[in-house]
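Engineer: Just model-v1.cif, nothing more (mmCIF, C-alpha atoms):
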```cif
data_protein
loop_
_atom_site.label_atom_id
_atom_site.label_comp_id
_atom_site.auth_asym_id
_atom_site.auth_seq_id
_atom_site.Cartn_x
_atom_site.Cartn_y
_atom_site.Cartn_z
CA MET A 1 -101.76 -144.13 -114.38
CA ALA A 2 -101.84 -140.69 -116.00
CA VAL A 3 -104.36 -139.95 -118.70
CA VAL A 4 -102.85 -138.34 -121.83
CA ARG A 5 -105.13 -136.52 -124.23
CA LEU A 6 -104.02 -135.86 -127.82
CA ARG A 7 -105.44 -134.06 -130.82
CA ALA A 8 -104.79 -134.64 -134.51
CA PRO A 9 -102.28 -135.16 -135.99
CA LEU A 10 -100.78 -136.62 -132.79
CA SER A 11 -103.82 -138.80 -132.11
CA GLU A 12 -103.50 -140.27 -135.62
CA LEU A 13 -99.88 -141.20 -134.84
CA ALA A 14 -101.14 -142.90 -131.67
CA GLY A 15 -103.29 -145.31 -133.60
CA GLY A 16 -106.27 -142.98 -133.68
CA LYS A 17 -106.49 -142.79 -129.90
CA ARG A 18 -107.38 -139.41 -128.42
CA GLU A 19 -106.93 -140.60 -124.85
CA LEU A 20 -104.39 -143.04 -123.43
CA GLU A 21 -103.51 -144.27 -119.94
CA LEU A 22 -99.75 -144.38 -119.40
CA GLU A 23 -97.36 -145.02 -116.50
CA GLY A 24 -94.70 -142.54 -115.43
CA GLU A 25 -93.44 -140.44 -112.56
CA THR A 26 -92.86 -137.31 -114.67
CA VAL A 27 -94.20 -135.76 -117.87
CA ARG A 28 -91.04 -136.94 -119.65
CA ASP A 29 -91.57 -140.51 -118.42
CA VAL A 30 -95.14 -140.52 -119.68
CA LEU A 31 -94.25 -139.06 -123.06
CA ARG A 32 -91.45 -141.62 -123.43
CA ALA A 33 -93.97 -144.34 -122.58
CA LEU A 34 -96.21 -142.91 -125.29
CA GLU A 35 -93.33 -143.18 -127.79
CA HIS A 36 -92.63 -146.74 -126.68
CA GLU A 37 -96.27 -147.74 -127.19
CA HIS A 38 -96.65 -145.80 -130.46
CA PRO A 39 -93.22 -145.40 -132.13
CA ALA A 40 -94.68 -143.30 -134.96
CA ILE A 41 -95.09 -140.39 -132.53
CA THR A 42 -91.36 -140.38 -131.67
CA GLY A 43 -89.88 -136.98 -132.37
CA TRP A 44 -93.19 -135.18 -132.65
CA ILE A 45 -93.56 -134.00 -129.02
CA LEU A 46 -90.10 -134.58 -127.54
CA ASP A 47 -87.00 -133.81 -129.59
CA GLU A 48 -83.75 -135.81 -129.49
CA ARG A 49 -82.80 -134.14 -126.20
CA THR A 50 -86.07 -135.42 -124.72
CA THR A 51 -87.11 -131.79 -124.48
CA ILE A 52 -90.70 -130.76 -125.24
CA ARG A 53 -90.65 -128.98 -128.61
CA GLN A 54 -90.69 -125.19 -128.37
CA HIS A 55 -94.18 -124.74 -129.76
CA ILE A 56 -95.87 -127.62 -127.98
CA ASN A 57 -97.67 -126.97 -124.70
CA VAL A 58 -98.20 -129.67 -122.12
CA PHE A 59 -100.80 -129.05 -119.43
CA VAL A 60 -101.02 -131.16 -116.26
CA ASN A 61 -104.46 -130.88 -114.67
CA GLY A 62 -104.90 -127.57 -116.50
CA GLU A 63 -101.55 -126.06 -115.43
CA ARG A 64 -98.51 -125.66 -117.73
CA GLY A 65 -96.14 -128.55 -117.20
CA ARG A 66 -92.51 -129.21 -118.15
CA GLU A 67 -90.53 -132.36 -118.76
CA ASP A 68 -89.74 -132.87 -115.08
CA THR A 69 -93.19 -132.04 -113.71
CA ALA A 70 -94.05 -134.80 -111.24
CA LEU A 71 -97.22 -136.78 -111.83
CA GLY A 72 -99.64 -138.46 -109.49
CA ALA A 73 -102.22 -141.12 -110.09
CA ASP A 74 -105.06 -140.06 -112.37
CA ASP A 75 -103.37 -136.79 -113.42
CA ARG A 76 -104.66 -135.48 -116.76
CA ILE A 77 -102.12 -134.43 -119.38
CA HIS A 78 -103.15 -132.41 -122.45
CA VAL A 79 -100.67 -132.07 -125.33
CA LEU A 80 -101.52 -129.10 -127.54
CA PRO A 81 -99.81 -126.99 -130.20
CA SER A 82 -99.11 -123.49 -128.88
CA ILE A 83 -100.87 -120.39 -130.16
CA SER A 84 -98.15 -119.25 -132.52
CA GLY A 85 -97.37 -119.00 -136.19
CA GLY A 86 -97.43 -116.54 -139.02
CA MET B 1 -95.46 -131.33 -169.83
CA THR B 2 -93.30 -129.95 -167.01
CA GLU B 3 -94.07 -130.59 -163.36
CA LEU B 4 -92.68 -128.16 -160.80
CA LEU B 5 -92.47 -128.92 -157.10
CA VAL B 6 -92.73 -125.65 -155.21
CA GLY B 7 -92.04 -125.75 -151.47
CA THR B 8 -93.64 -122.81 -149.71
CA LYS B 9 -94.22 -121.40 -146.25
CA LYS B 10 -97.71 -122.91 -146.41
CA GLY B 11 -97.35 -126.26 -148.05
CA LEU B 12 -96.12 -128.00 -151.17
CA PHE B 13 -97.60 -127.02 -154.53
CA ALA B 14 -97.21 -129.05 -157.71
CA LEU B 15 -97.54 -126.99 -160.87
CA GLN B 16 -98.06 -128.61 -164.25
CA GLY B 17 -97.79 -126.95 -167.62
CA GLY B 18 -95.69 -125.95 -170.56
CA ASN B 19 -95.34 -123.21 -173.13
CA GLY B 20 -95.75 -120.52 -170.51
CA SER B 21 -98.96 -121.74 -168.89
CA PHE B 22 -98.92 -123.56 -165.55
CA GLU B 23 -101.70 -124.68 -163.21
CA ILE B 24 -101.70 -125.99 -159.66
CA SER B 25 -102.18 -129.75 -159.92
CA ALA B 26 -101.72 -130.75 -156.29
CA ARG B 27 -101.14 -129.35 -152.83
CA ALA B 28 -99.82 -131.21 -149.79
CA PHE B 29 -98.87 -130.35 -146.18
CA ALA B 30 -101.38 -127.49 -146.10
CA GLY B 31 -100.31 -124.83 -143.65
CA GLU B 32 -96.90 -126.38 -142.98
CA PRO B 33 -93.54 -124.94 -144.09
CA VAL B 34 -92.09 -127.11 -146.85
CA GLU B 35 -88.42 -126.22 -147.10
CA PHE B 36 -87.59 -128.43 -150.05
CA ALA B 37 -89.19 -131.00 -152.35
CA MET B 38 -87.80 -133.12 -155.17
CA ARG B 39 -88.48 -136.24 -157.19
CA ASP B 40 -85.92 -139.00 -157.49
CA ARG B 41 -85.95 -139.62 -161.23
CA ARG B 42 -84.57 -143.14 -160.81
CA SER B 43 -87.45 -144.38 -158.68
CA GLY B 44 -90.11 -141.77 -159.40
CA ARG B 45 -90.48 -141.21 -155.67
CA TYR B 46 -91.24 -137.74 -154.30
CA PHE B 47 -89.55 -136.27 -151.21
CA ALA B 48 -90.65 -133.33 -149.06
CA CYS B 49 -88.70 -131.73 -146.23
CA VAL B 50 -91.32 -130.35 -143.86
CA THR B 51 -90.43 -128.32 -140.78
CA SER B 52 -93.55 -128.02 -138.70
CA ALA B 53 -93.29 -125.18 -136.22
CA PHE B 54 -94.94 -127.50 -133.73
CA TYR B 55 -93.75 -131.01 -134.45
CA GLY B 56 -90.24 -130.48 -135.84
CA PRO B 57 -88.44 -131.37 -139.07
CA LYS B 58 -89.33 -134.52 -141.00
CA ILE B 59 -88.78 -136.05 -144.44
CA PHE B 60 -91.93 -137.42 -146.06
CA VAL B 61 -92.05 -139.66 -149.12
CA THR B 62 -94.69 -140.75 -151.60
CA ASP B 63 -94.84 -142.55 -154.92
CA ASP B 64 -98.01 -140.70 -155.90
CA LEU B 65 -98.47 -136.95 -155.44
CA ALA B 66 -102.23 -137.46 -155.15
CA GLY B 67 -101.78 -140.20 -152.55
CA GLU B 68 -100.64 -140.45 -148.95
CA TRP B 69 -97.22 -139.31 -147.77
CA GLU B 70 -95.28 -141.43 -145.29
CA GLN B 71 -92.69 -140.23 -142.80
CA ALA B 72 -89.19 -141.50 -143.52
CA GLU B 73 -87.47 -143.25 -140.64
CA GLY B 74 -84.25 -142.32 -138.91
CA VAL B 75 -84.14 -138.60 -139.67
CA ALA B 76 -82.98 -137.55 -136.22
CA LEU B 77 -79.83 -136.86 -134.26
CA PRO B 78 -78.52 -139.28 -131.65
CA GLU B 79 -80.47 -139.14 -128.41
CA GLY B 80 -78.82 -137.96 -125.26
CA GLU B 81 -76.69 -135.25 -126.87
CA ASP B 82 -77.25 -131.53 -126.52
CA LYS B 83 -78.47 -130.88 -130.08
CA ALA B 84 -81.72 -131.48 -131.92
CA LEU B 85 -82.41 -131.49 -135.63
CA VAL B 86 -83.71 -128.04 -136.60
CA ARG B 87 -84.47 -128.19 -140.28
CA LEU B 88 -83.87 -130.16 -143.48
CA TRP B 89 -82.53 -128.26 -146.46
CA THR B 90 -82.02 -130.67 -149.31
CA VAL B 91 -82.35 -134.20 -150.66
CA VAL B 92 -79.94 -135.26 -153.41
CA GLU B 93 -79.66 -138.38 -155.56
CA ALA B 94 -76.35 -140.14 -155.06
CA ASP B 95 -74.46 -141.97 -157.78
CA GLU B 96 -75.67 -145.48 -156.90
CA ASP B 97 -79.24 -146.74 -157.15
CA GLU B 98 -81.40 -146.22 -154.05
CA HIS B 99 -78.64 -144.12 -152.44
CA LEU B 100 -79.60 -140.58 -151.47
CA PHE B 101 -78.18 -137.84 -149.29
CA ALA B 102 -80.03 -135.26 -147.21
CA GLY B 103 -78.61 -132.18 -145.55
CA GLY B 104 -79.88 -130.28 -142.57
CA ASP B 105 -79.35 -127.98 -139.64
CA PRO B 106 -77.20 -128.18 -137.45
CA GLY B 107 -74.77 -128.98 -140.26
CA VAL B 108 -75.73 -132.63 -140.58
CA LEU B 109 -75.64 -135.16 -143.41
CA PHE B 110 -77.99 -138.14 -143.67
CA GLU B 111 -77.80 -141.07 -146.08
CA SER B 112 -80.38 -143.54 -147.30
CA HIS B 113 -79.57 -146.84 -149.02
CA ASP B 114 -83.15 -148.00 -149.54
CA GLY B 115 -84.50 -145.30 -151.81
CA GLY B 116 -85.35 -142.88 -149.01
CA THR B 117 -87.53 -145.04 -146.77
CA SER B 118 -84.99 -144.99 -143.95
CA TRP B 119 -82.02 -142.76 -143.22
CA GLU B 120 -78.98 -142.73 -141.02
CA LEU B 121 -76.68 -139.99 -139.85
CA ASN B 122 -73.25 -139.75 -141.51
CA ASN B 123 -71.15 -140.22 -138.39
CA GLY B 124 -67.89 -139.16 -139.99
CA PHE B 125 -69.28 -135.71 -140.47
CA TRP B 126 -71.29 -135.59 -137.24
CA GLU B 127 -68.13 -136.34 -135.24
CA GLN B 128 -65.95 -133.63 -136.79
CA PRO B 129 -63.61 -132.48 -133.98
CA THR B 130 -64.11 -128.79 -134.78
CA ARG B 131 -67.92 -129.01 -134.58
CA PRO B 132 -68.10 -127.26 -131.17
CA GLU B 133 -66.51 -124.20 -132.84
CA TRP B 134 -68.98 -124.03 -135.73
CA ASN B 135 -71.29 -121.04 -135.97
CA PRO B 136 -74.59 -120.78 -137.83
CA GLY B 137 -75.52 -118.23 -140.47
CA ALA B 138 -78.68 -116.16 -140.15
CA GLY B 139 -80.72 -119.08 -141.48
CA GLY B 140 -79.18 -121.57 -139.09
CA MET B 141 -76.30 -123.97 -139.56
CA CYS B 142 -77.58 -125.28 -142.83
CA LEU B 143 -76.00 -128.03 -144.88
CA HIS B 144 -77.73 -127.09 -148.11
CA SER B 145 -75.37 -128.14 -150.92
CA ILE B 146 -74.31 -131.73 -151.57
CA ALA B 147 -72.23 -132.14 -154.73
CA THR B 148 -71.82 -135.74 -155.81
CA TRP B 149 -69.28 -136.75 -158.49
CA PRO B 150 -70.83 -138.50 -161.50
CA GLY B 151 -69.28 -141.95 -161.81
CA ASP B 152 -67.28 -141.78 -158.59
CA PRO B 153 -69.31 -142.25 -155.38
CA SER B 154 -66.21 -141.81 -153.24
CA ARG B 155 -65.92 -138.09 -153.98
CA LEU B 156 -68.27 -135.62 -152.33
CA ALA B 157 -68.36 -131.91 -151.56
CA LEU B 158 -70.61 -130.20 -149.04
CA GLY B 159 -71.49 -126.54 -148.66
CA ILE B 160 -72.58 -125.23 -145.29
CA SER B 161 -73.65 -121.87 -143.98
CA ALA B 162 -71.51 -120.93 -142.18
CA VAL B 163 -68.83 -123.61 -142.04
CA GLY B 164 -67.55 -123.51 -145.60
CA VAL B 165 -66.79 -126.34 -147.99
CA TRP B 166 -66.04 -129.91 -146.92
CA LEU B 167 -64.53 -132.57 -149.17
CA SER B 168 -64.47 -136.35 -148.93
CA GLU B 169 -62.64 -138.87 -151.10
CA ASP B 170 -63.75 -142.01 -149.32
CA GLY B 171 -67.51 -141.82 -149.71
CA GLY B 172 -68.08 -139.68 -146.64
CA LYS B 173 -66.04 -141.58 -144.06
CA SER B 174 -63.56 -138.74 -143.59
CA TRP B 175 -63.76 -135.04 -144.37
CA ARG B 176 -61.48 -132.06 -144.79
CA HIS B 177 -61.88 -128.38 -145.63
CA GLY B 178 -61.82 -126.93 -149.15
CA ASN B 179 -61.83 -123.23 -148.47
CA ALA B 180 -58.69 -121.74 -150.04
CA GLY B 181 -59.42 -118.46 -151.77
CA LEU B 182 -62.75 -117.71 -150.10
CA VAL B 183 -62.82 -114.19 -148.65
CA PRO B 184 -65.33 -113.64 -145.83
CA ARG B 185 -65.66 -109.84 -145.97
CA TYR B 186 -67.88 -109.94 -142.88
CA VAL B 187 -64.89 -111.10 -140.76
CA PRO B 188 -62.09 -108.68 -139.70
CA GLU B 189 -59.20 -108.88 -142.16
CA GLU B 190 -56.73 -110.19 -139.60
CA SER B 191 -59.06 -113.10 -138.74
CA ARG B 192 -59.95 -114.22 -142.25
CA GLU B 193 -57.16 -116.71 -142.86
CA ASN B 194 -58.05 -119.05 -140.02
CA THR B 195 -61.76 -118.49 -139.57
CA LEU B 196 -64.25 -121.32 -139.91
CA ASP B 197 -67.09 -118.81 -140.34
CA LEU B 198 -67.44 -119.26 -144.10
CA CYS B 199 -70.97 -118.65 -145.28
CA VAL B 200 -71.53 -120.68 -148.45
CA HIS B 201 -74.94 -119.85 -149.90
CA ASN B 202 -75.01 -122.37 -152.73
CA MET B 203 -72.62 -124.71 -154.54
CA HIS B 204 -72.97 -126.87 -157.66
CA ARG B 205 -70.62 -129.28 -159.37
CA HIS B 206 -70.57 -129.33 -163.15
CA PRO B 207 -71.66 -132.81 -164.23
CA SER B 208 -69.67 -132.77 -167.47
CA LYS B 209 -66.49 -131.52 -165.79
CA PRO B 210 -66.71 -132.70 -162.18
CA GLU B 211 -63.56 -130.96 -160.98
CA ARG B 212 -65.34 -127.67 -161.66
CA LEU B 213 -67.72 -126.19 -159.10
CA PHE B 214 -69.50 -122.86 -158.92
CA MET B 215 -70.39 -121.15 -155.67
CA GLN B 216 -72.56 -118.28 -154.50
CA PHE B 217 -71.00 -117.05 -151.27
CA HIS B 218 -72.24 -114.54 -148.69
CA GLY B 219 -70.77 -111.71 -150.70
CA GLY B 220 -68.81 -113.31 -153.52
CA VAL B 221 -69.25 -115.60 -156.51
CA TYR B 222 -66.54 -118.23 -156.98
CA ARG B 223 -65.38 -121.02 -159.26
CA SER B 224 -63.19 -123.98 -158.42
CA ASP B 225 -61.27 -125.92 -161.07
CA ASP B 226 -59.66 -128.36 -158.64
CA ALA B 227 -62.69 -130.11 -157.15
CA GLY B 228 -63.19 -127.56 -154.40
CA GLU B 229 -59.64 -127.35 -153.05
CA SER B 230 -59.35 -123.68 -153.99
CA TRP B 231 -61.66 -120.94 -155.24
CA ILE B 232 -61.33 -118.14 -157.79
CA ASP B 233 -63.28 -114.88 -157.48
CA ILE B 234 -65.62 -114.51 -160.46
CA GLY B 235 -67.95 -111.93 -158.92
CA THR B 236 -65.74 -108.82 -158.91
CA ASP B 237 -65.73 -106.55 -161.96
CA THR B 238 -67.30 -109.23 -164.13
CA GLY B 239 -70.64 -107.58 -164.88
CA LEU B 240 -72.77 -108.58 -161.91
CA PRO B 241 -74.75 -105.78 -160.23
CA SER B 242 -73.94 -107.42 -156.89
CA ASP B 243 -72.05 -110.50 -155.77
CA PHE B 244 -74.60 -111.24 -153.03
CA GLY B 245 -77.38 -113.74 -153.60
CA PHE B 246 -78.48 -117.28 -152.86
CA PRO B 247 -79.38 -119.63 -155.72
CA LEU B 248 -77.22 -120.97 -158.53
CA VAL B 249 -77.82 -123.25 -161.53
CA VAL B 250 -75.50 -124.70 -164.20
CA ASP B 251 -76.17 -125.92 -167.75
CA PRO B 252 -74.95 -129.54 -167.89
CA ASP B 253 -74.06 -129.14 -171.60
CA ASP B 254 -71.58 -126.32 -170.98
CA ALA B 255 -68.96 -126.57 -168.26
CA ASP B 256 -68.32 -122.83 -168.54
CA SER B 257 -71.94 -121.95 -167.72
CA ALA B 258 -73.64 -120.79 -164.54
CA TYR B 259 -76.66 -118.70 -163.61
CA VAL B 260 -77.13 -116.56 -160.48
CA ILE B 261 -79.82 -114.17 -159.24
CA PRO B 262 -78.11 -111.25 -157.49
CA LEU B 263 -79.66 -109.38 -154.57
CA VAL B 264 -78.51 -105.93 -153.46
CA ALA B 265 -76.45 -106.95 -150.41
CA ASP B 266 -76.64 -108.81 -147.12
CA MET B 267 -78.30 -105.78 -145.51
CA ASP B 268 -80.86 -105.42 -148.33
CA ARG B 269 -81.79 -108.81 -149.69
CA VAL B 270 -83.95 -107.77 -152.65
CA THR B 271 -83.45 -107.62 -156.40
CA PRO B 272 -81.33 -104.55 -157.31
CA ASP B 273 -83.00 -101.40 -158.65
CA GLY B 274 -86.46 -102.93 -158.36
CA ARG B 275 -85.70 -105.15 -161.37
CA VAL B 276 -85.74 -108.93 -161.42
CA ARG B 277 -82.82 -110.27 -163.46
CA VAL B 278 -81.00 -113.53 -163.83
CA TYR B 279 -77.32 -113.38 -164.78
CA GLU B 280 -75.64 -115.92 -167.02
CA THR B 281 -72.02 -116.69 -167.70
CA ARG B 282 -70.79 -118.80 -170.63
CA ASP B 283 -67.10 -118.17 -170.07
CA ALA B 284 -66.65 -119.65 -166.58
CA GLY B 285 -67.34 -116.35 -164.84
CA ALA B 286 -65.06 -114.01 -166.80
CA THR B 287 -68.21 -112.08 -167.78
CA TRP B 288 -71.89 -112.17 -166.84
CA ALA B 289 -74.83 -111.12 -169.00
CA GLU B 290 -78.27 -109.98 -167.88
CA ARG B 291 -81.20 -112.27 -168.72
CA GLY B 292 -84.41 -110.42 -167.84
CA ASP B 293 -86.65 -110.35 -170.88
CA GLY B 294 -90.14 -110.96 -169.53
CA LEU B 295 -89.24 -110.57 -165.84
CA PRO B 296 -90.60 -107.67 -163.74
CA ALA B 297 -88.59 -104.62 -164.75
CA GLU B 298 -89.74 -101.98 -162.28
CA ASP B 299 -90.95 -101.68 -158.68
CA ALA B 300 -90.09 -105.34 -158.09
CA TYR B 301 -88.13 -105.91 -154.86
CA LEU B 302 -88.09 -109.69 -154.66
CA THR B 303 -86.12 -112.14 -152.55
CA ILE B 304 -85.15 -115.47 -154.11
CA LEU B 305 -84.00 -118.06 -151.59
CA ARG B 306 -81.18 -120.57 -152.02
CA GLN B 307 -83.24 -123.61 -153.09
CA ALA B 308 -85.73 -121.68 -155.22
CA PHE B 309 -83.97 -121.95 -158.61
CA ALA B 310 -84.05 -125.08 -160.78
CA ARG B 311 -83.40 -126.27 -164.29
CA GLU B 312 -84.83 -128.83 -166.69
CA GLY B 313 -82.83 -130.33 -169.54
CA SER B 314 -79.81 -128.55 -171.00
CA GLY B 315 -78.51 -126.41 -173.82
CA GLU B 316 -80.46 -123.79 -175.71
CA SER B 317 -83.82 -125.28 -174.77
CA MET B 318 -82.99 -125.64 -171.08
CA GLY B 319 -85.88 -124.80 -168.77
CA LEU B 320 -85.14 -122.44 -165.87
CA TYR B 321 -87.59 -121.83 -163.02
CA PHE B 322 -87.34 -119.73 -159.89
CA GLY B 323 -89.67 -118.61 -157.14
CA ALA B 324 -89.63 -115.61 -154.81
CA THR B 325 -90.86 -114.94 -151.31
CA SER B 326 -93.47 -112.74 -153.01
CA GLY B 327 -95.19 -115.97 -154.12
CA ASP B 328 -94.30 -115.52 -157.78
CA VAL B 329 -92.76 -118.31 -159.86
CA PHE B 330 -91.04 -117.46 -163.15
CA GLY B 331 -89.98 -119.74 -165.96
CA SER B 332 -87.94 -119.82 -169.14
CA LYS B 333 -87.94 -122.47 -171.87
CA ASP B 334 -84.95 -121.06 -173.75
CA ALA B 335 -82.12 -121.05 -171.21
CA GLY B 336 -83.07 -117.65 -169.85
CA ALA B 337 -83.40 -115.70 -173.11
CA THR B 338 -87.10 -115.00 -172.39
CA TRP B 339 -89.22 -115.46 -169.29
CA PHE B 340 -92.87 -115.93 -168.33
CA THR B 341 -94.81 -115.99 -165.06
CA ALA B 342 -95.64 -119.59 -164.17
CA ALA B 343 -97.55 -118.77 -160.97
CA SER B 344 -98.29 -115.83 -158.72
CA LYS B 345 -99.93 -115.29 -155.34
CA LEU B 346 -98.52 -118.50 -153.89
CA PRO B 347 -97.25 -118.38 -150.30
CA PRO B 348 -93.60 -117.34 -149.92
CA VAL B 349 -91.53 -119.75 -152.03
CA HIS B 350 -88.78 -121.70 -150.27
CA SER B 351 -87.79 -124.09 -153.05
CA VAL B 352 -88.39 -124.96 -156.70
CA ARG B 353 -87.45 -128.22 -158.40
CA VAL B 354 -88.47 -129.82 -161.68
CA ALA B 355 -90.01 -133.24 -160.95
#
```
When written as structure tokens, how does the structure in this file appear?
Structural biologist:
Amino acid sequence: MAVVRLRAPLSELAGGKRELELEGETVRDVLRALEHEHPAITGWILDERTTIRQHINVFVNGERGREDTALGADDRIHVLPSISGG
Amino acid sequence: MTELLVGTKKGLFALQGGNGSFEISARAFAGEPVEFAMRDRRSGRYFACVTSAFYGPKIFVTDDLAGEWEQAEGVALPEGEDKALVRLWTVVEADEDEHLFAGGDPGVLFESHDGGTSWELNNGFWEQPTRPEWNPGAGGMCLHSIATWPGDPSRLALGISAVGVWLSEDGGKSWRHGNAGLVPRYVPEESRENTLDLCVHNMHRHPSKPERLFMQFHGGVYRSDDAGESWIDIGTDTGLPSDFGFPLVVDPDDADSAYVIPLVADMDRVTPDGRVRVYETRDAGATWAERGDGLPAEDAYLTILRQAFAREGSGESMGLYFGATSGDVFGSKDAGATWFTAASKLPPVHSVRVA
């Protein structure tokens, strides 16, 4: 099981949980499992193409990950807004 | 008391006031771009189109501006295709109760039949065979204008940058072009007749004479007297300082009326000569007259975006309100004869609507 860590407002959409354990072989699988468990978060991290939104960063064990990054047991996934804006 | 809903680059502001004095009464979506906000006068429900740079475009609804907003359901494109929803540009009341339309980028139309709680994609428009050939304008492929027909829900007109005008006579099941007479000066002359690259900036149907529409084009102001089938140039040699601009408003009491706010040109999108002026026609575009009394008259190079001009009421006491990317909001309580500053130092204004 991977451990997914979220911050507000995403954690609020996940029922107030800042940390969740989810099954999946890739980052995409785990994020889809997150949507399945908490439908309110659908569309906030992955878009309709199941692509990570442009200004969202996903880190796997501290390294930048992509949708197809493979996961092992106990991997830690952080979902964070990128440092951007104006 | 007038309530203005002002969508800005940094949140939604509600302004309340009258007689030239307005105050901020509420703010929502702090820090987030609010592209458009309106109130459905039938239900009293408020709508906000919010395009978070991080979390994507959403429609939020509330019955109480001071209360919580809830995300509307179904505002997304079909999964598994190669496109994602980019932005939401407008929400419009349809003719029947609890029926609303919303338009967005990439050139998509949504409908709600439950007062805006849930939405579904209009498949007839999504599946247009020419869609792979469509090209966006500088602001994206925005479906920003949805012209319903009072008393006849079967008839609709859409304006899209940059895919022109689309007409339906069966409530949105099937669509066809309505572009005759539009002249895209930004396309080589030999390609103009068949191009789909038609950059409509704004389009409004006249409620008292529904076959009449007015349009601000990307270089051009037009009128249609046949429900959008064909278009007549009313921006050349008619008194406008420029035929480039974005927003447009009509007076429901007078089918010959329209208001535009010209900008210099597509390469210089600011008010001409450093003067902020609204232009009014009362003869269907044969002539335009300047309406600037009370507006900044020097050193004012403002940009007014397509959804940032709204009206309240009609006739001689019609309220007009517009906002600029400078963060200023201006108002008139006498159909544009005189103007006052309703707010200043707001974030860049994307949209203005009267609640």
Engineer: From the set A:Ser11, A:Ser82, A:Asn61, A:Thr69, which residue has the shortest atom-to-atom contact distance to chain B, counting all atoms listed in the file?
Structural biologist: A:Ser82
Engineer: Fewer than 4 positions away in the same chain doesn't count, so skip those; otherwise give me all residues within 9 Å of B:Gly107, counting only C-alpha atoms, as a list of chain:residue names.
Structural biologist: B:Gly103, B:Phe125, B:Trp126, B:Arg131, B:Trp134, B:Pro136, B:Gly140, B:Met141, B:Cys142, B:Leu143, B:His144, B:Ile160, B:Ser161, B:Ala162, B:Val163
Engineer: Could you check which of B:Pro347, B:Trp231, B:Ser224, B:Trp149 is closest to chain A, using only C-alpha atoms?
Structural biologist: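 Ranked by minimum distance to chain A, first place goes to B:Pro347.
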Engineer: Wanna dump the chain A-chain B contacts at 7 Å for me, each residue with its shortest atom pair and the distance in Å to one decimal, counting only C-alpha atoms, ordered by chain and number, as a tab-separated table?
Structural biologist:
```
residue	atom	partner	partner_atom	distance
A:Trp44	CA	B:Tyr55	CA	4.6
A:Ile45	CA	B:Tyr55	CA	6.2
A:Asp47	CA	B:Ala84	CA	6.2
A:Glu48	CA	B:Glu79	CA	4.8
A:Arg49	CA	B:Gly80	CA	5.6
A:Arg53	CA	B:Phe54	CA	6.8
A:His55	CA	B:Phe54	CA	4.9
A:Ile56	CA	B:Phe54	CA	5.8
A:Pro81	CA	B:Phe54	CA	6.0
```
Engineer: To one decimal place, how far is atom CA of B:Cys199 from atom CA of B:Pro252 in Å?
Structural biologist: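 Atom CA of B:Pro252 lies 25.4 Å from atom CA of B:Cys199.
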Engineer: Atoms are missing here; could stretch 6-17 of chain A be completed with N, CA and C atoms and written as an mmCIF file, in the coordinates of the input?
Structural biologist:
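The result, written out as part.cif:
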```cif
data_model
loop_
_atom_site.group_PDB
_atom_site.id
_atom_site.type_symbol
_atom_site.label_atom_id
_atom_site.label_comp_id
_atom_site.auth_asym_id
_atom_site.auth_seq_id
_atom_site.Cartn_x
_atom_site.Cartn_y
_atom_site.Cartn_z
ATOM 1 N N LEU A 6 -104.684 -136.332 -126.598
ATOM 2 C CA LEU A 6 -104.020 -135.860 -127.820
ATOM 3 C C LEU A 6 -105.061 -135.390 -128.828
ATOM 4 N N ARG A 7 -104.629 -134.482 -129.677
ATOM 5 C CA ARG A 7 -105.440 -134.060 -130.820
ATOM 6 C C ARG A 7 -104.712 -134.471 -132.103
ATOM 7 N N ALA A 8 -105.410 -134.397 -133.208
ATOM 8 C CA ALA A 8 -104.790 -134.640 -134.510
ATOM 9 C C ALA A 8 -103.737 -133.551 -134.773
ATOM 10 N N PRO A 9 -102.621 -133.862 -135.391
ATOM 11 C CA PRO A 9 -102.280 -135.160 -135.990
ATOM 12 C C PRO A 9 -101.667 -136.151 -135.001
ATOM 13 N N LEU A 10 -101.452 -135.719 -133.736
ATOM 14 C CA LEU A 10 -100.780 -136.620 -132.790
ATOM 15 C C LEU A 10 -101.641 -137.844 -132.511
ATOM 16 N N SER A 11 -102.948 -137.646 -132.398
ATOM 17 C CA SER A 11 -103.820 -138.800 -132.110
ATOM 18 C C SER A 11 -103.771 -139.811 -133.254
ATOM 19 N N GLU A 12 -103.589 -139.335 -134.488
ATOM 20 C CA GLU A 12 -103.500 -140.270 -135.620
ATOM 21 C C GLU A 12 -102.220 -141.110 -135.519
ATOM 22 N N LEU A 13 -101.142 -140.468 -135.002
ATOM 23 C CA LEU A 13 -99.880 -141.200 -134.840
ATOM 24 C C LEU A 13 -99.945 -142.177 -133.683
ATOM 25 N N ALA A 14 -100.951 -141.984 -132.813
ATOM 26 C CA ALA A 14 -101.140 -142.900 -131.670
ATOM 27 C C ALA A 14 -102.260 -143.889 -131.976
ATOM 28 N N GLY A 15 -102.327 -144.289 -133.208
ATOM 29 C CA GLY A 15 -103.290 -145.310 -133.600
ATOM 30 C C GLY A 15 -104.732 -144.830 -133.565
ATOM 31 N N GLY A 16 -104.916 -143.520 -133.678
ATOM 32 C CA GLY A 16 -106.270 -142.980 -133.680
ATOM 33 C C GLY A 16 -106.833 -142.729 -132.294
ATOM 34 N N LYS A 17 -106.003 -142.964 -131.279
ATOM 35 C CA LYS A 17 -106.490 -142.790 -129.900
ATOM 36 C C LYS A 17 -106.350 -141.333 -129.461
#
```
